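Shown next: upload_16.cif, given as mmCIF, C-alpha atoms and all ligand atoms.
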```
data_model
loop_
_atom_site.label_atom_id
_atom_site.label_comp_id
_atom_site.auth_asym_id
_atom_site.auth_seq_id
_atom_site.Cartn_x
_atom_site.Cartn_y
_atom_site.Cartn_z
CA MET A 28 295.30 81.97 100.06
CA LEU A 29 293.97 78.81 98.48
CA ASP A 30 292.20 79.46 95.21
CA ARG A 31 289.26 77.23 95.89
CA ARG A 32 287.74 77.78 92.46
CA ARG A 33 290.86 76.80 90.60
CA LEU A 34 291.30 73.73 92.70
CA ASN A 35 287.61 73.07 92.37
CA VAL A 36 288.11 69.65 93.95
CA GLY A 37 288.70 68.01 97.29
CA LYS A 38 286.22 66.99 99.97
CA GLU A 39 288.08 69.02 102.56
CA LEU A 40 286.99 72.17 100.67
CA GLN A 41 283.35 71.12 100.66
CA PRO A 42 282.63 71.21 96.93
CA CYS A 43 279.28 72.78 96.25
CA PHE A 44 276.52 71.51 93.98
CA TYR A 45 273.61 73.02 92.12
CA ILE A 46 270.58 71.07 90.94
CA ALA A 47 268.37 72.25 88.07
CA THR A 48 265.06 70.40 88.26
CA PHE A 49 262.69 69.82 85.34
CA GLY A 50 259.27 68.18 85.19
CA CYS A 51 256.91 66.89 87.84
CA GLN A 52 256.68 66.92 91.65
CA MET A 53 258.30 63.49 91.68
CA ASN A 54 261.42 65.08 90.24
CA MET A 55 261.25 67.91 92.75
CA ARG A 56 261.22 65.34 95.53
CA ASP A 57 264.06 63.39 93.88
CA SER A 58 266.15 66.56 93.84
CA GLU A 59 265.53 67.00 97.57
CA VAL A 60 266.44 63.36 98.18
CA LEU A 61 269.67 63.88 96.27
CA SER A 62 270.42 67.13 98.11
CA GLY A 63 270.04 65.24 101.39
CA LEU A 64 272.38 62.46 100.22
CA LEU A 65 275.00 64.93 98.96
CA ASN A 66 274.81 67.04 102.15
CA ARG A 67 275.37 63.89 104.14
CA ALA A 68 278.43 63.10 101.99
CA GLY A 69 279.93 66.53 102.75
CA PHE A 70 278.84 68.60 99.73
CA THR A 71 277.14 71.99 100.05
CA LEU A 72 274.04 73.08 98.13
CA THR A 73 274.27 76.39 96.25
CA ASN A 74 271.60 78.27 94.33
CA LYS A 75 274.22 79.83 92.02
CA PRO A 76 275.02 77.52 89.08
CA GLU A 77 277.95 79.70 87.98
CA LYS A 78 279.67 79.04 91.31
CA ALA A 79 278.99 75.32 91.57
CA ASP A 80 281.68 72.64 91.40
CA ILE A 81 279.01 70.17 90.37
CA ILE A 82 275.96 71.01 88.25
CA ILE A 83 273.25 68.36 88.11
CA PHE A 84 270.32 68.38 85.69
CA ASN A 85 267.42 66.35 87.06
CA THR A 86 265.54 65.80 83.83
CA CYS A 87 262.10 64.99 82.44
CA SER A 88 261.33 62.96 79.29
CA VAL A 89 257.55 63.27 79.26
CA ARG A 90 257.63 65.73 76.34
CA GLN A 91 260.31 66.49 73.75
CA HIS A 92 260.29 70.17 74.63
CA ALA A 93 261.57 69.46 78.18
CA GLU A 94 264.46 67.40 76.78
CA ASP A 95 265.43 70.09 74.26
CA ARG A 96 265.61 72.70 77.02
CA VAL A 97 268.04 70.59 79.03
CA PHE A 98 270.38 70.09 76.07
CA SER A 99 270.50 73.82 75.41
CA LEU A 100 270.94 74.71 79.11
CA ILE A 101 273.92 72.38 79.61
CA GLY A 102 276.00 74.45 77.21
CA GLU A 103 274.61 77.71 78.57
CA TYR A 104 275.49 76.97 82.22
CA LYS A 105 279.00 75.95 81.22
CA LYS A 106 279.46 79.17 79.26
CA ARG A 107 278.17 81.24 82.17
CA GLN A 108 280.64 79.65 84.54
CA LYS A 109 283.53 80.15 82.11
CA LYS A 110 282.67 83.85 81.94
CA LYS A 111 282.17 84.41 85.66
CA MET A 112 284.84 82.02 86.96
CA PRO A 113 287.53 81.75 84.27
CA GLY A 114 289.66 78.65 84.51
CA THR A 115 287.11 76.53 86.35
CA VAL A 116 285.22 73.64 84.86
CA PRO A 117 282.26 72.13 86.72
CA ILE A 118 281.48 68.45 86.84
CA ILE A 119 278.18 68.04 85.01
CA GLY A 120 275.65 65.31 85.75
CA LEU A 121 272.47 64.43 83.96
CA ILE A 122 270.06 62.36 86.03
CA GLY A 123 266.40 61.32 86.01
CA CYS A 124 264.20 60.27 83.12
CA MET A 125 266.40 61.50 80.24
CA ALA A 126 269.31 59.52 81.72
CA LYS A 127 267.33 56.33 81.42
CA ASN A 128 265.90 57.33 78.04
CA TYR A 129 269.30 57.99 76.38
CA GLN A 130 271.77 56.18 78.72
CA ASP A 131 275.39 56.55 77.52
CA LYS A 132 274.22 58.15 74.25
CA ILE A 133 273.96 61.35 76.30
CA PHE A 134 277.75 61.64 76.09
CA ASN A 135 277.52 61.95 72.29
CA LYS A 136 274.61 64.39 72.39
CA ALA A 137 276.12 66.49 75.21
CA PRO A 138 279.90 65.92 75.46
CA ASP A 139 280.16 68.24 78.50
CA VAL A 140 278.24 65.76 80.63
CA ASP A 141 280.47 63.70 82.98
CA PHE A 142 277.95 61.38 84.59
CA VAL A 143 274.55 59.97 83.71
CA VAL A 144 272.37 58.36 86.39
CA GLY A 145 268.86 56.93 85.99
CA PRO A 146 265.96 57.37 88.45
CA SER A 147 266.54 54.02 90.17
CA ASP A 148 270.27 54.62 90.71
CA ILE A 149 270.04 57.92 92.59
CA ALA A 150 271.70 56.47 95.73
CA LYS A 151 274.93 55.93 93.80
CA ILE A 152 275.45 59.61 92.93
CA PRO A 153 277.60 60.74 95.92
CA GLU A 154 280.09 57.94 95.27
CA ILE A 155 280.12 58.66 91.52
CA ILE A 156 280.90 62.32 92.20
CA GLU A 157 283.71 61.35 94.62
CA ARG A 158 285.23 59.19 91.87
CA LEU A 159 285.00 61.99 89.32
CA LEU A 160 286.48 64.55 91.71
CA ALA A 161 289.36 62.21 92.57
CA SER A 162 290.07 61.62 88.89
CA LYS A 163 289.90 65.34 88.16
CA LYS A 164 292.28 66.11 91.04
CA LYS A 165 294.81 63.60 89.74
CA GLU A 166 294.89 64.83 86.15
CA PRO A 167 292.97 68.11 85.82
CA SER A 168 294.03 68.77 82.24
CA LEU A 169 293.35 65.21 81.04
CA PHE A 170 290.12 64.80 82.96
CA GLN A 171 287.79 62.78 80.77
CA LEU A 172 286.27 60.08 82.93
CA LYS A 173 282.64 59.37 82.05
CA ILE A 174 280.39 57.36 84.34
CA TRP A 175 276.86 56.11 83.76
CA GLU A 176 274.51 54.03 85.90
CA THR A 177 271.07 53.51 84.46
CA ASP A 178 270.11 49.89 85.05
CA GLY A 179 269.16 49.87 88.74
CA GLU A 180 265.86 48.24 89.59
CA ALA A 181 265.06 49.53 93.07
CA ARG A 182 265.91 52.40 95.34
CA PRO A 183 267.13 51.71 98.86
CA GLU A 184 264.59 52.90 101.45
CA GLU A 185 267.28 54.89 103.34
CA ILE A 186 267.45 57.57 100.66
CA TYR A 187 264.10 58.92 101.83
CA HIS A 188 265.29 59.50 105.36
CA THR A 189 267.92 62.26 105.19
CA GLY A 190 265.40 64.79 106.50
CA PHE A 191 266.04 67.26 103.66
CA TYR A 192 262.93 69.23 102.62
CA GLU A 193 263.22 72.41 100.57
CA ASP A 194 260.09 73.97 102.04
CA LYS A 195 259.94 74.37 105.80
CA LYS A 196 256.19 73.75 106.07
CA HIS A 197 255.22 71.46 103.20
CA ALA A 198 256.83 68.18 102.08
CA TYR A 199 256.34 65.92 99.07
CA LEU A 200 256.37 62.28 100.03
CA VAL A 201 256.84 59.41 97.57
CA ILE A 202 254.50 56.47 98.25
CA SER A 203 255.16 54.54 95.08
CA GLU A 204 257.72 54.60 92.28
CA GLY A 205 257.32 53.83 88.59
CA CYS A 206 254.16 52.96 86.68
CA SER A 207 252.76 49.82 85.04
CA ASN A 208 249.84 51.38 83.19
CA PHE A 209 251.51 51.81 79.80
CA CYS A 210 249.29 54.59 78.46
CA SER A 211 250.27 54.46 74.82
CA TYR A 212 251.74 57.99 74.67
CA CYS A 213 253.70 57.87 77.92
CA VAL A 214 257.39 57.20 78.44
CA VAL A 215 257.18 56.94 82.25
CA PRO A 216 256.87 53.11 82.54
CA TYR A 217 260.01 52.80 80.37
CA VAL A 218 262.14 55.36 82.20
CA ARG A 219 260.90 54.92 85.77
CA GLY A 220 260.26 51.18 85.64
CA PRO A 221 257.29 49.14 86.92
CA LEU A 222 255.09 50.26 89.82
CA ARG A 223 256.65 49.55 93.23
CA HIS A 224 255.14 50.56 96.58
CA ARG A 225 256.97 51.67 99.70
CA HIS A 226 256.02 49.95 102.93
CA TYR A 227 253.35 51.97 104.73
CA LYS A 228 255.43 51.80 107.91
CA ASP A 229 258.33 53.48 106.09
CA ILE A 230 255.98 56.13 104.70
CA LEU A 231 254.58 56.85 108.16
CA ALA A 232 258.09 56.95 109.63
CA GLU A 233 259.12 59.50 107.00
CA ILE A 234 256.06 61.63 107.76
CA GLU A 235 256.98 61.64 111.44
CA GLU A 236 260.55 62.62 110.59
CA ALA A 237 259.26 65.48 108.43
CA ILE A 238 257.00 66.65 111.25
CA ASP A 239 260.00 66.63 113.61
CA LYS A 240 261.66 69.01 111.13
CA GLY A 241 258.70 71.41 111.37
CA VAL A 242 256.67 70.24 108.36
CA SER A 243 252.90 70.32 108.89
CA GLU A 244 251.51 69.72 105.38
CA ILE A 245 252.34 66.91 102.99
CA THR A 246 251.48 65.71 99.49
CA LEU A 247 251.64 61.96 98.87
CA LEU A 248 253.15 61.29 95.44
CA GLY A 249 252.89 58.48 92.93
CA GLN A 250 252.07 58.12 89.22
CA ASN A 251 248.90 56.29 90.21
CA VAL A 252 248.41 56.59 93.96
CA ASN A 253 245.06 54.76 93.87
CA ALA A 254 246.85 51.54 92.97
CA TYR A 255 248.76 51.63 96.29
CA GLN A 256 248.87 48.22 97.93
CA TYR A 257 251.22 46.94 100.61
CA GLU A 258 250.57 43.91 102.82
CA GLY A 259 246.81 44.35 102.75
CA VAL A 260 246.87 48.14 103.09
CA ASN A 261 245.37 49.85 100.05
CA PHE A 262 245.33 53.56 99.29
CA VAL A 263 242.23 54.24 101.37
CA GLY A 264 243.87 52.36 104.26
CA LEU A 265 247.02 54.42 103.79
CA VAL A 266 245.24 57.80 103.87
CA GLU A 267 243.42 56.70 107.04
CA LEU A 268 246.77 55.89 108.63
CA VAL A 269 248.29 59.19 107.48
CA ASN A 270 245.29 61.11 108.80
CA SER A 271 245.99 59.78 112.28
CA VAL A 272 249.63 60.98 112.41
CA LYS A 273 250.01 63.41 115.29
CA GLY A 274 251.31 66.86 114.38
CA LEU A 275 250.19 66.64 110.75
CA LYS A 276 247.78 69.45 109.87
CA GLU A 277 246.84 68.81 106.26
CA PHE A 278 247.65 66.45 103.41
CA GLY A 279 246.77 65.74 99.80
CA PHE A 280 247.84 63.32 97.07
CA MET A 281 248.54 63.06 93.37
CA THR A 282 248.07 61.61 90.77
CA SER A 283 244.86 59.56 90.58
CA HIS A 284 244.07 57.30 87.66
CA PRO A 285 240.30 57.22 86.89
CA LYS A 286 240.30 53.44 86.43
CA ASP A 287 241.44 52.96 90.05
CA ALA A 288 239.56 55.81 91.78
CA SER A 289 236.58 54.63 93.84
CA SER A 290 233.68 55.77 96.01
CA ASP A 291 235.65 54.51 99.03
CA LEU A 292 238.34 57.04 98.21
CA PHE A 293 235.79 59.84 97.84
CA LYS A 294 234.27 58.88 101.19
CA ALA A 295 237.74 59.09 102.72
CA ILE A 296 238.27 62.55 101.17
CA SER A 297 234.92 63.60 102.58
CA GLY A 298 235.37 62.05 106.02
CA LEU A 299 239.03 62.48 106.98
CA ASP A 300 239.54 65.83 108.65
CA LYS A 301 243.14 66.42 107.48
CA LEU A 302 242.71 65.27 103.89
CA LYS A 303 242.31 68.11 101.38
CA LYS A 304 239.02 68.19 99.51
CA SER A 305 240.62 68.11 96.10
CA LEU A 306 241.21 65.58 93.35
CA HIS A 307 243.55 65.64 90.35
CA LEU A 308 241.96 63.21 87.89
CA PRO A 309 243.53 63.27 84.40
CA ILE A 310 240.99 62.66 81.63
CA GLN A 311 243.47 63.09 78.71
CA SER A 312 240.72 63.08 76.03
CA GLY A 313 236.94 63.33 75.81
CA SER A 314 236.75 60.99 72.81
CA ASP A 315 236.18 57.27 73.50
CA ARG A 316 238.02 56.38 70.30
CA ILE A 317 241.11 58.31 71.40
CA LEU A 318 240.89 57.06 75.01
CA LYS A 319 241.00 53.53 73.63
CA LEU A 320 244.01 54.31 71.45
CA MET A 321 245.63 55.87 74.51
CA ASN A 322 245.06 52.63 76.45
CA ARG A 323 243.52 54.54 79.33
CA GLY A 324 241.15 51.75 80.39
CA TYR A 325 237.98 53.86 80.81
CA SER A 326 235.33 55.58 78.71
CA LYS A 327 234.05 59.15 78.78
CA ARG A 328 230.83 57.91 80.46
CA PHE A 329 232.82 56.13 83.18
CA TYR A 330 234.80 59.30 83.83
CA LEU A 331 231.70 61.52 83.97
CA ASP A 332 229.98 59.12 86.40
CA LEU A 333 233.10 59.17 88.58
CA VAL A 334 233.05 62.97 88.63
CA ASP A 335 229.33 62.98 89.57
CA ASN A 336 230.05 60.54 92.34
CA TYR A 337 232.99 62.58 93.60
CA ARG A 338 230.95 65.77 93.66
CA LYS A 339 228.02 64.08 95.36
CA ILE A 340 230.20 62.56 98.09
CA VAL A 341 232.71 65.41 98.47
CA GLY A 342 230.47 68.46 98.25
CA GLY A 343 232.54 71.51 97.38
CA GLY A 344 235.66 69.49 96.54
CA THR A 345 237.88 70.88 93.77
CA LEU A 346 238.65 68.95 90.59
CA THR A 347 241.63 69.35 88.24
CA THR A 348 242.78 67.40 85.21
CA ASP A 349 245.37 66.79 82.46
CA ILE A 350 244.49 66.84 78.75
CA ILE A 351 246.50 65.91 75.67
CA ILE A 352 245.63 67.70 72.43
CA GLY A 353 246.57 66.28 69.03
CA PHE A 354 247.08 62.59 69.82
CA PRO A 355 247.64 60.65 66.54
CA SER A 356 244.50 60.58 64.37
CA GLU A 357 242.61 63.08 66.59
CA SER A 358 239.93 64.55 64.29
CA GLU A 359 238.00 67.80 64.67
CA ALA A 360 235.10 65.69 66.00
CA ASP A 361 237.36 64.00 68.61
CA PHE A 362 238.65 67.38 69.67
CA LYS A 363 235.08 68.77 69.96
CA GLU A 364 234.29 65.94 72.38
CA THR A 365 237.21 66.97 74.58
CA TYR A 366 236.22 70.62 74.28
CA ASN A 367 232.62 69.87 75.27
CA LEU A 368 233.70 67.67 78.14
CA VAL A 369 235.87 70.48 79.53
CA LYS A 370 232.91 72.85 79.19
CA ASP A 371 230.46 70.41 80.83
CA VAL A 372 232.63 69.23 83.72
CA GLY A 373 233.93 72.65 84.72
CA PHE A 374 237.35 71.78 86.13
CA ASN A 375 238.89 74.20 88.62
CA SER A 376 242.02 74.04 86.51
CA ALA A 377 243.54 71.89 83.80
CA TYR A 378 247.01 71.21 82.42
CA ILE A 379 246.71 71.11 78.66
CA PHE A 380 249.54 69.54 76.67
CA LYS A 381 250.25 69.18 72.97
CA TYR A 382 250.96 65.56 72.08
CA SER A 383 254.67 64.85 71.88
CA LEU A 384 255.92 61.68 70.24
CA ARG A 385 258.00 59.65 72.71
CA PRO A 386 260.46 56.84 72.05
CA HIS A 387 259.65 53.30 73.27
CA THR A 388 255.89 54.01 73.52
CA GLU A 389 253.12 52.25 71.58
CA ALA A 390 251.94 55.54 70.08
CA VAL A 391 255.28 55.98 68.35
CA LYS A 392 254.02 53.37 65.87
CA MET A 393 251.10 55.67 64.91
CA PRO A 394 251.74 58.56 62.52
CA ASP A 395 251.98 61.91 64.34
CA ASP A 396 249.47 63.23 61.83
CA VAL A 397 247.83 66.18 63.59
CA THR A 398 249.73 69.13 62.15
CA LYS A 399 251.59 71.59 64.35
CA LYS A 400 249.16 74.29 63.29
CA GLU A 401 246.13 72.15 64.22
CA LYS A 402 247.67 71.25 67.57
CA GLU A 403 248.37 74.90 68.30
CA GLY A 404 244.87 75.98 67.28
CA ARG A 405 243.15 73.31 69.40
CA HIS A 406 245.49 73.96 72.31
CA ALA A 407 244.70 77.69 72.25
CA LEU A 408 240.95 77.07 72.06
CA ILE A 409 240.82 74.74 75.01
CA LEU A 410 243.22 76.87 77.02
CA GLU A 411 241.00 79.89 76.53
CA LEU A 412 237.91 77.90 77.49
CA GLN A 413 239.56 76.57 80.64
CA ARG A 414 240.88 80.03 81.52
CA SER A 415 237.37 81.44 81.56
CA ILE A 416 236.05 78.47 83.58
CA SER A 417 238.89 78.74 86.13
CA GLU A 418 238.24 82.45 86.45
CA ARG A 419 234.53 81.87 87.03
CA LYS A 420 235.22 79.15 89.60
CA ARG A 421 237.64 81.32 91.51
CA CYS A 422 235.05 84.02 92.21
N1 LIG A 501 252.73 64.14 75.06
C1 LIG A 501 252.03 65.12 75.69
N2 LIG A 501 251.67 65.05 76.97
C2 LIG A 501 252.01 63.95 77.66
N3 LIG A 501 251.77 63.58 78.94
C3 LIG A 501 252.35 62.39 79.15
N4 LIG A 501 252.94 61.95 78.02
C4 LIG A 501 252.73 62.90 77.08
C5 LIG A 501 253.10 63.02 75.71
N5 LIG A 501 253.76 62.05 75.08
C6 LIG A 501 250.99 64.39 79.88
C7 LIG A 501 249.75 63.64 80.37
C8 LIG A 501 250.11 63.33 81.79
C9 LIG A 501 250.98 64.51 82.15
C10 LIG A 501 251.84 64.32 83.34
O1 LIG A 501 251.77 64.69 81.00
O2 LIG A 501 248.64 64.52 80.31
O3 LIG A 501 248.99 63.21 82.63
FE1 LIG A 502 252.15 57.72 82.16
FE2 LIG A 502 249.70 56.64 82.17
FE3 LIG A 502 251.52 55.93 84.05
FE4 LIG A 502 250.43 58.40 84.10
S1 LIG A 502 249.31 56.43 84.37
S2 LIG A 502 252.61 57.87 84.34
S3 LIG A 502 250.18 58.84 81.93
S4 LIG A 502 251.68 55.53 81.84
#
```
For the file at hand, write its structure as structure tokens.
Amino acid sequence: MLDRRRLNVGKELQPCFYIATFGCQMNMRDSEVLSGLLNRAGFTLTNKPEKADIIIFNTCSVRQHAEDRVFSLIGEYKKRQKKKMPGTVPIIGLIGCMAKNYQDKIFNKAPDVDFVVGPSDIAKIPEIIERLLASKKKEPSLFQLKIWETDGEARPEEIYHTGFYEDKKHAYLVISEGCSNFCSYCVVPYVRGPLRHRHYKDILAEIEEAIDKGVSEITLLGQNVNAYQYEGVNFVGLVELVNSVKGLKEFGFMTSHPKDASSDLFKAISGLDKLKKSLHLPIQSGSDRILKLMNRGYSKRFYLDLVDNYRKIVGGGTLTTDIIIGFPSESEADFKETYNLVKDVGFNSAYIFKYSLRPHTEAVKMPDDVTKKEKEGRHALILELQRSISERKRC
């Protein structure tokens, strides 16, 4: 009998792949997109990394912690496979934001990695894997080909149409890629490139395809969905179009940037029957001084007025947020302003992050001067506050 594991190569044996996904919903959708592309190319998805011929890490660079976890897991997965399947060596790929952040330097930091592919080059992955498998088949013991593709500028529209959705009922749907906001702490504009919008006709076509597959709920995704604009159709126009798609039961969207959220959007949330009555509106800090340093483009007053407006127009709508604790130079007084804002607004839930210094960003030029202990203390305080608010809101 053929020892498939020892051969571990060859399209005719349907090599199987495993994807470990880190970070946001955008990455979750990218992993589905890649699964669809690889299925189409004849590879089989497995949920057992120790049995995979190809292990792909779809990575996040938003915080250092997420990057560190990937580096430690690469070695761990390889060890696990060596133990469970002696004599086999998987092809290892690192894709997504870390790929763009480190490019070919990944091969020095993680010598087990065979290919590195950035977020805009995802369509090239099946062909890259074919090349690696062919090279491995030719000279298994000398196999050392390394491939990286990180300079792509745009994704071909076709990648969104393989019909692969992990969940049978709910689908994430990308409406725009990248971000041009350049918040001073954020690496996204550098690793995912400038904001680009998909054509609304393509988005609607994908929704119809998903519905054909049995999906009835969707979440529209983008780093700043409110900035959507394509041939005269803005975000409000887009949600109106989506609301009229037959067979769709419910939909939502994320993420909204306060500077681009408007009463028109709130009216749409209130008026469109399929649109969920919820809004994720990251505040990041309650201190005007810190918001300015963060380059967020709004003040605390502007944000609070927006929230009032939202609640007036969308009675009973839920509100969630993101907060960063310990941005450079954040004083006790700045933190108190954030703490009080969280108390006053009463979010249904909040993601609270400790500031993490990121390469390329503007904030990297500022000293990371809030100590680890201070960050941890402030983080714990605000987490506890939000926990009690969320609990109260739930009942
Ligand atoms: N440090 C900590 N949190 C960050 N975020 C983005 N960049 C950083 C960083 N450098 C958070 C923001 C954003 C969320 C997705 O991640 O709160 O809204
Ligand atoms: Fe990052 Fe700001 Fe863009 Fe969000 S809006 S992805 S925080 S740069």
_Env of Ile83 in chain A: 8 Å cut, atoms = all atoms listed in the file, seq-sep filter 6 positions within chain, self excluded. Answer as a list in words._
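Answer for this query is Phe44, Tyr45, Ile46, Ala47, Ile119, Gly120, Leu121 and Ile122 of chain A.
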*range 335-344 of chain A: which residues within 8 Å, counting all atoms listed in the file, same-chain residues fewer than 5 positions away excluded, as a list in words?*
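My list of contacting residues is Ser290, Phe293, Lys294, Ile296, Ser297, Lys304, Ser305 and Leu306 of chain A.
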*Counting all atoms listed in the file, write as number ranges by chain all protein and nucleic acid residues lying at most 6 Å from (240.6, 60.3, 105.4) in the file's frame.*
A: 266-267, 270, 295-296, 298-299, 302
Print the selection's residues with C-alpha atoms to a file, as a PDB file, in the frame of the given file.
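Saved as part-v5.pdb:
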```pdb
ATOM      1  CA  VAL A 266     245.240  57.800 103.870  1.00  0.00           C
ATOM      2  CA  GLU A 267     243.420  56.700 107.040  1.00  0.00           C
ATOM      3  CA  ASN A 270     245.290  61.110 108.800  1.00  0.00           C
ATOM      4  CA  ALA A 295     237.740  59.090 102.720  1.00  0.00           C
ATOM      5  CA  ILE A 296     238.270  62.550 101.170  1.00  0.00           C
ATOM      6  CA  GLY A 298     235.370  62.050 106.020  1.00  0.00           C
ATOM      7  CA  LEU A 299     239.030  62.480 106.980  1.00  0.00           C
ATOM      8  CA  LEU A 302     242.710  65.270 103.890  1.00  0.00           C
TER       9      LEU A 302
END
```
*Give the answer as one residue: which of A:Ala93, A:Cys206, A:Ala150, A:Val372 has the shortest atom-to-atom distance to Arg67 in chain A, using only C-alpha atoms?*
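Of all the options, A:Ala150 lies closest to Arg67 in chain A.
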Could you produce a table of the residues of chain A lying within 6 Å of ligand LIG 502 (chain A), with the nearest pair of atoms per residue and their separation in Å rounded to one decimal, using only C-alpha atoms and all ligand atoms, ordered by chain and increasing residue number, as CSV?
```
residue,atom,partner,partner_atom,distance
A:Cys206,CA,A:LIG502,FE3,4.8
A:Asn208,CA,A:LIG502,S4,4.7
A:Phe209,CA,A:LIG502,S4,4.2
A:Cys210,CA,A:LIG502,S4,4.2
A:Cys213,CA,A:LIG502,FE1,4.5
A:Val215,CA,A:LIG502,FE1,5.1
A:Pro216,CA,A:LIG502,S4,5.8
A:Gln250,CA,A:LIG502,S2,4.9
A:Asn251,CA,A:LIG502,S1,5.9
```
*Near-ligand residues for ligand LIG 501 (chain A), threshold 6 Å, only C-alpha atoms and all ligand atoms, as JSON, numbers by chain*: {"A": [89, 90, 212, 213, 309, 311, 349, 350, 351, 380, 381, 382, 383, 384, 385]}
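Here CA of Arg316 in chain A and CA of Asp287 in chain A stand 20.3 Å from one another.
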_Gap from CA of Pro183 in chain A to CA of Ser88 in chain A - Å, one decimal_ =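 CA of Ser88 in chain A lies 23.3 Å from CA of Pro183 in chain A.
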*Pick from A:Tyr366, A:Phe191, A:Phe142, A:Tyr257, whichever lies nearest to Gln413 in chain A using only C-alpha atoms*: A:Tyr366
_Of the listed residues A:Asp239, A:Asp291, A:Glu418, A:Glu59, that which approaches Gly373 in chain A most closely, counting only C-alpha atoms_ =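 Of A:Asp239, A:Asp291, A:Glu418, A:Glu59, the one nearest Gly373 in chain A, counting only C-alpha atoms, is A:Glu418.
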*asked:* Could you list, as number ranges by chain, every residue within 7 Å of range 171-177 of chain A, counting all atoms listed in the file and ignoring same-chain residues fewer than 5 positions away?
replied: A: 126-127, 130-131, 141-145, 148, 159
_Nearby residues, (243.1, 53.2, 100.2) file frame, 10 Å, all atoms listed in the file, as a PyMOL selection string_ = chain A and resi 252-256+259-268+288-289+291-292+295
_When you look at Phe98 in chain A with a cut-off of 9 Å (counting only C-alpha atoms), what residues show up, excluding the ones that are within fewer than 4 positions of it in the same chain? I need them as number ranges by chain._
A: 94, 102, 136-137
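We find CA of Ser356 in chain A and CA of Pro285 in chain A to be spaced 23.2 Å apart.
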*asked:* Report as an NGL selection string all protein, DNA and RNA residues lying within 12 Å of range 357-363 of chain A, evaluated on all atoms listed in the file, omitting residues in the same chain fewer than 6 positions from it.
replied: :A and (311-321 or 327 or 350-351 or 369-371 or 381-382 or 393-398 or 401-402 or 404-406 or 408-409)
*A:Lys163, A:Tyr187, A:Met125, A:Ala237: which is nearest Asp95 in chain A, counting all atoms listed in the file?*
A:Met125
*Would you mind telling me which residue in A:Gly114, A:Gly63, A:Gly249, A:Gly324 lies nearest to Ile149 in chain A when using all atoms listed in the file?*
A:Gly63
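Using only C-alpha atoms for every distance, the candidate list A:Ser162, A:Ser203, A:Ser211, A:Asn85 yields A:Ser203 as the residue closest to Thr282 in chain A.
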